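Enquirer: Here it is, the structure in full.
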Amino acid sequence: LAALVAVAAFIWSACLSSYSQVQTPPVQPVELELHLSVPFRFVVYGDTRFTDARNTKASNPLARRTLVETIANVHPAFISITGDISYHSDENDWKIWDGETAAWREDKIPVYPVLGNHDLHGNQQVALANYFARFPELKNSRYYGVRAANTLMLLLDSSLDELSGPQGEWLAQRLASVPADVDFIFIFLHHPPYTSSSDAKTYGGGHSARTRERMLATMLEKRQQTIRARIVVFAG
């Protein structure tokens, strides 16, 4: 494999709420391109839950702001947020995102998000409008791809089935046609295919992997046997 030095800061906390079953009409997923050279550094950050700083149960505002500042200071090539960006998905929470992450935009750090269950709370049409207003380059794509140097990033919406329907068909097609110059396939989603958490709280909290994410893991393991590029999954 070609050399790639990628430092991924992966900050994970457990999903605490159920996801939304409501689906919107499919949109042709966008395919983005980020021009990079290797080596590069990137950050993966999950369950940020931007919300009123007085709500210290949903998230720790001091830790959140410190992490955002630290990320800005290391100047990563890009940031991926693996869902639950906001806590309530309403405009108030997203305005807090706007304010607290302003440094990322000032430094022109690309952010590639995926939807989490909290990002779909309440009226889904309103929730998605708030989400896409912050990420217009997605062009209303709930799942999409990004090429960056010798990596292919596939960003999934785990509120939709990952293995069937439009998203499943898209994922299968992308994995069946990986360009020859791709050395790493990064898959991002909110609900984890692999986790040490359990519904029984064996290790202190969180949830077990859901059936369909376990099925996704099985598919990826089988696919890895026929793909030269290494598959790496980020979730949380």
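In the structure tokens, each chain is lettered A, B, ... as it comes, each chain's residues begin at 1, and ligands are numbered from 1 in order of appearance.
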DSSP says strand (DSSP E) for which residues of segment 37-236 of chain A? Put them as an mmCIF file with N, CA and C atoms, in the first residue's frame?
Expert:
```cif
data_model
loop_
_atom_site.group_PDB
_atom_site.id
_atom_site.type_symbol
_atom_site.label_atom_id
_atom_site.label_comp_id
_atom_site.auth_asym_id
_atom_site.auth_seq_id
_atom_site.Cartn_x
_atom_site.Cartn_y
_atom_site.Cartn_z
ATOM 1 N N PHE A 42 -6.296 14.566 9.705
ATOM 2 C CA PHE A 42 -7.714 14.900 9.747
ATOM 3 C C PHE A 42 -8.273 14.560 11.119
ATOM 4 N N VAL A 43 -9.459 15.064 11.396
ATOM 5 C CA VAL A 43 -10.113 14.859 12.692
ATOM 6 C C VAL A 43 -11.490 14.247 12.468
ATOM 7 N N VAL A 44 -11.813 13.252 13.267
ATOM 8 C CA VAL A 44 -13.168 12.696 13.307
ATOM 9 C C VAL A 44 -13.719 12.952 14.698
ATOM 10 N N TYR A 45 -14.868 13.569 14.771
ATOM 11 C CA TYR A 45 -15.435 14.035 16.039
ATOM 12 C C TYR A 45 -16.908 13.661 16.034
ATOM 13 N N PHE A 78 -9.177 18.245 7.037
ATOM 14 C CA PHE A 78 -10.636 18.274 7.066
ATOM 15 C C PHE A 78 -11.106 17.704 8.395
ATOM 16 N N ILE A 79 -12.386 17.924 8.671
ATOM 17 C CA ILE A 79 -13.048 17.393 9.863
ATOM 18 C C ILE A 79 -14.263 16.609 9.392
ATOM 19 N N SER A 80 -14.474 15.439 9.976
ATOM 20 C CA SER A 80 -15.740 14.737 9.766
ATOM 21 C C SER A 80 -16.441 14.612 11.115
ATOM 22 N N ILE A 81 -17.717 14.955 11.139
ATOM 23 C CA ILE A 81 -18.508 14.823 12.364
ATOM 24 C C ILE A 81 -19.518 13.704 12.147
ATOM 25 N N VAL A 111 -15.607 20.659 6.436
ATOM 26 C CA VAL A 111 -16.307 19.801 7.391
ATOM 27 C C VAL A 111 -17.236 18.882 6.614
ATOM 28 N N TYR A 112 -17.071 17.571 6.820
ATOM 29 C CA TYR A 112 -17.906 16.580 6.158
ATOM 30 C C TYR A 112 -18.729 15.872 7.231
ATOM 31 N N PRO A 113 -20.021 16.193 7.326
ATOM 32 C CA PRO A 113 -20.851 15.646 8.388
ATOM 33 C C PRO A 113 -21.649 14.428 7.943
ATOM 34 N N TYR A 144 -23.199 10.623 0.798
ATOM 35 C CA TYR A 144 -22.419 11.192 -0.307
ATOM 36 C C TYR A 144 -20.987 10.677 -0.245
ATOM 37 N N GLY A 145 -20.221 10.976 -1.257
ATOM 38 C CA GLY A 145 -18.834 10.550 -1.328
ATOM 39 C C GLY A 145 -17.889 11.738 -1.437
ATOM 40 N N VAL A 146 -16.653 11.516 -0.998
ATOM 41 C CA VAL A 146 -15.602 12.534 -1.114
ATOM 42 C C VAL A 146 -14.307 11.837 -1.525
ATOM 43 N N ARG A 147 -13.639 12.344 -2.546
ATOM 44 C CA ARG A 147 -12.284 11.891 -2.889
ATOM 45 C C ARG A 147 -11.296 12.882 -2.298
ATOM 46 N N ALA A 148 -10.304 12.360 -1.581
ATOM 47 C CA ALA A 148 -9.256 13.189 -0.990
ATOM 48 C C ALA A 148 -7.941 12.434 -1.095
ATOM 49 N N THR A 151 -7.557 8.566 -0.765
ATOM 50 C CA THR A 151 -8.667 8.027 0.018
ATOM 51 C C THR A 151 -9.994 8.263 -0.694
ATOM 52 N N LEU A 152 -10.923 7.352 -0.427
ATOM 53 C CA LEU A 152 -12.304 7.515 -0.847
ATOM 54 C C LEU A 152 -13.140 7.504 0.426
ATOM 55 N N MET A 153 -13.881 8.584 0.652
ATOM 56 C CA MET A 153 -14.729 8.677 1.837
ATOM 57 C C MET A 153 -16.185 8.472 1.435
ATOM 58 N N LEU A 154 -16.849 7.570 2.144
ATOM 59 C CA LEU A 154 -18.261 7.301 1.921
ATOM 60 C C LEU A 154 -18.996 7.631 3.208
ATOM 61 N N LEU A 155 -19.826 8.648 3.171
ATOM 62 C CA LEU A 155 -20.495 9.156 4.360
ATOM 63 C C LEU A 155 -21.968 8.767 4.302
ATOM 64 N N PHE A 184 -7.183 3.808 0.702
ATOM 65 C CA PHE A 184 -8.002 3.707 1.903
ATOM 66 C C PHE A 184 -9.434 4.102 1.580
ATOM 67 N N ILE A 185 -10.376 3.335 2.095
ATOM 68 C CA ILE A 185 -11.797 3.661 2.013
ATOM 69 C C ILE A 185 -12.255 3.982 3.432
ATOM 70 N N PHE A 186 -12.607 5.234 3.667
ATOM 71 C CA PHE A 186 -13.101 5.654 4.970
ATOM 72 C C PHE A 186 -14.620 5.683 4.925
ATOM 73 N N ILE A 187 -15.252 4.967 5.825
ATOM 74 C CA ILE A 187 -16.712 4.943 5.919
ATOM 75 C C ILE A 187 -17.119 5.613 7.224
ATOM 76 N N PHE A 188 -17.969 6.625 7.114
ATOM 77 C CA PHE A 188 -18.425 7.379 8.278
ATOM 78 C C PHE A 188 -19.937 7.179 8.432
ATOM 79 N N LEU A 189 -20.390 6.934 9.650
ATOM 80 C CA LEU A 189 -21.812 6.869 9.954
ATOM 81 C C LEU A 189 -21.994 7.069 11.450
ATOM 82 N N ARG A 230 -7.708 -0.544 1.924
ATOM 83 C CA ARG A 230 -8.108 -0.908 3.273
ATOM 84 C C ARG A 230 -9.346 -0.124 3.680
ATOM 85 N N ILE A 231 -10.332 -0.823 4.219
ATOM 86 C CA ILE A 231 -11.580 -0.204 4.676
ATOM 87 C C ILE A 231 -11.443 0.160 6.151
ATOM 88 N N VAL A 232 -11.737 1.411 6.479
ATOM 89 C CA VAL A 232 -11.678 1.890 7.859
ATOM 90 C C VAL A 232 -13.032 2.532 8.177
ATOM 91 N N VAL A 233 -13.636 2.131 9.295
ATOM 92 C CA VAL A 233 -14.960 2.632 9.677
ATOM 93 C C VAL A 233 -14.829 3.565 10.877
ATOM 94 N N PHE A 234 -15.468 4.735 10.758
ATOM 95 C CA PHE A 234 -15.565 5.691 11.871
ATOM 96 C C PHE A 234 -17.048 5.881 12.194
ATOM 97 N N ALA A 235 -17.415 5.700 13.460
ATOM 98 C CA ALA A 235 -18.821 5.842 13.841
ATOM 99 C C ALA A 235 -18.912 6.333 15.275
#
```
Enquirer: For each of A:Arg228, A:Arg223, A:Lys57, A:Arg49, take the minimum atom-to-atom distance to Pro179 of chain A, counting only C-alpha atoms, then give the residue where this is smallest.
Expert: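 Closest candidate: A:Arg228.
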Enquirer: Between A:Ile227, A:Leu163, A:Ile85, A:Val30, which is the closest to Ala127 of chain A once you count only C-alpha atoms?
Expert: A:Ile85
Enquirer: Could you pull out the residues in segment 21-230 of chain A that DSSP calls alpha helix (DSSP H) from the backbone, as a PyMOL selection string?
Expert: chain A and resi 61-74+91-100+102-106+124-134+165-176+211-224
Enquirer: Find the residues near segment 82-84 of chain A: any atom within 6 Å, counting only C-alpha atoms, skip ones fewer than 3 places away on the same chain, and give them as an MDAnalysis selection string.
Expert: chainID A and resid 46:47 49 114:116 118:119 189:190 235:236
Enquirer: Find the residues near Leu67 of chain A: any atom within 12 Å, counting only C-alpha atoms, skip ones fewer than 4 places away on the same chain, and give them as a ChimeraX atom specification.
Expert: /A:9-11,43-46,48,60-63,71-74,100-101,103-104
Enquirer: So that I have them on file, write out the residues from the current selection with C-alpha atoms, as a PDB file, in the first residue's frame.
Expert:
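Listed below is the output, again-v4.pdb:
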```pdb
ATOM      1  CA  ALA A   9      -8.721  12.162  16.438  1.00  0.00           C
ATOM      2  CA  PHE A  10     -11.829  10.147  17.098  1.00  0.00           C
ATOM      3  CA  ILE A  11     -13.932  11.431  19.962  1.00  0.00           C
ATOM      4  CA  VAL A  43     -10.113  14.859  12.692  1.00  0.00           C
ATOM      5  CA  VAL A  44     -13.168  12.696  13.307  1.00  0.00           C
ATOM      6  CA  TYR A  45     -15.435  14.035  16.039  1.00  0.00           C
ATOM      7  CA  GLY A  46     -18.781  12.521  17.081  1.00  0.00           C
ATOM      8  CA  THR A  48     -20.922  17.027  19.648  1.00  0.00           C
ATOM      9  CA  ASN A  60     -20.194  19.433  28.336  1.00  0.00           C
ATOM     10  CA  PRO A  61     -19.997  22.964  26.911  1.00  0.00           C
ATOM     11  CA  LEU A  62     -16.513  23.652  28.263  1.00  0.00           C
ATOM     12  CA  ALA A  63     -15.114  20.415  26.837  1.00  0.00           C
ATOM     13  CA  ILE A  71      -9.023  21.236  16.458  1.00  0.00           C
ATOM     14  CA  ALA A  72      -8.749  24.688  14.898  1.00  0.00           C
ATOM     15  CA  ASN A  73      -5.251  25.086  16.306  1.00  0.00           C
ATOM     16  CA  VAL A  74      -3.929  21.880  14.698  1.00  0.00           C
ATOM     17  CA  GLU A 100     -18.771  27.997  18.481  1.00  0.00           C
ATOM     18  CA  THR A 101     -17.295  26.655  15.233  1.00  0.00           C
ATOM     19  CA  ALA A 103     -12.950  29.484  13.778  1.00  0.00           C
ATOM     20  CA  TRP A 104     -13.208  26.437  11.509  1.00  0.00           C
TER      21      TRP A 104
END
```
Enquirer: Would you compute the distance between atom CA of Ala58 of chain A and atom CA of Ser208 of chain A? Give it in Å to one decimal.
Expert: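 Taking atom CA of Ala58 of chain A and atom CA of Ser208 of chain A, their separation equals 20.1 Å.
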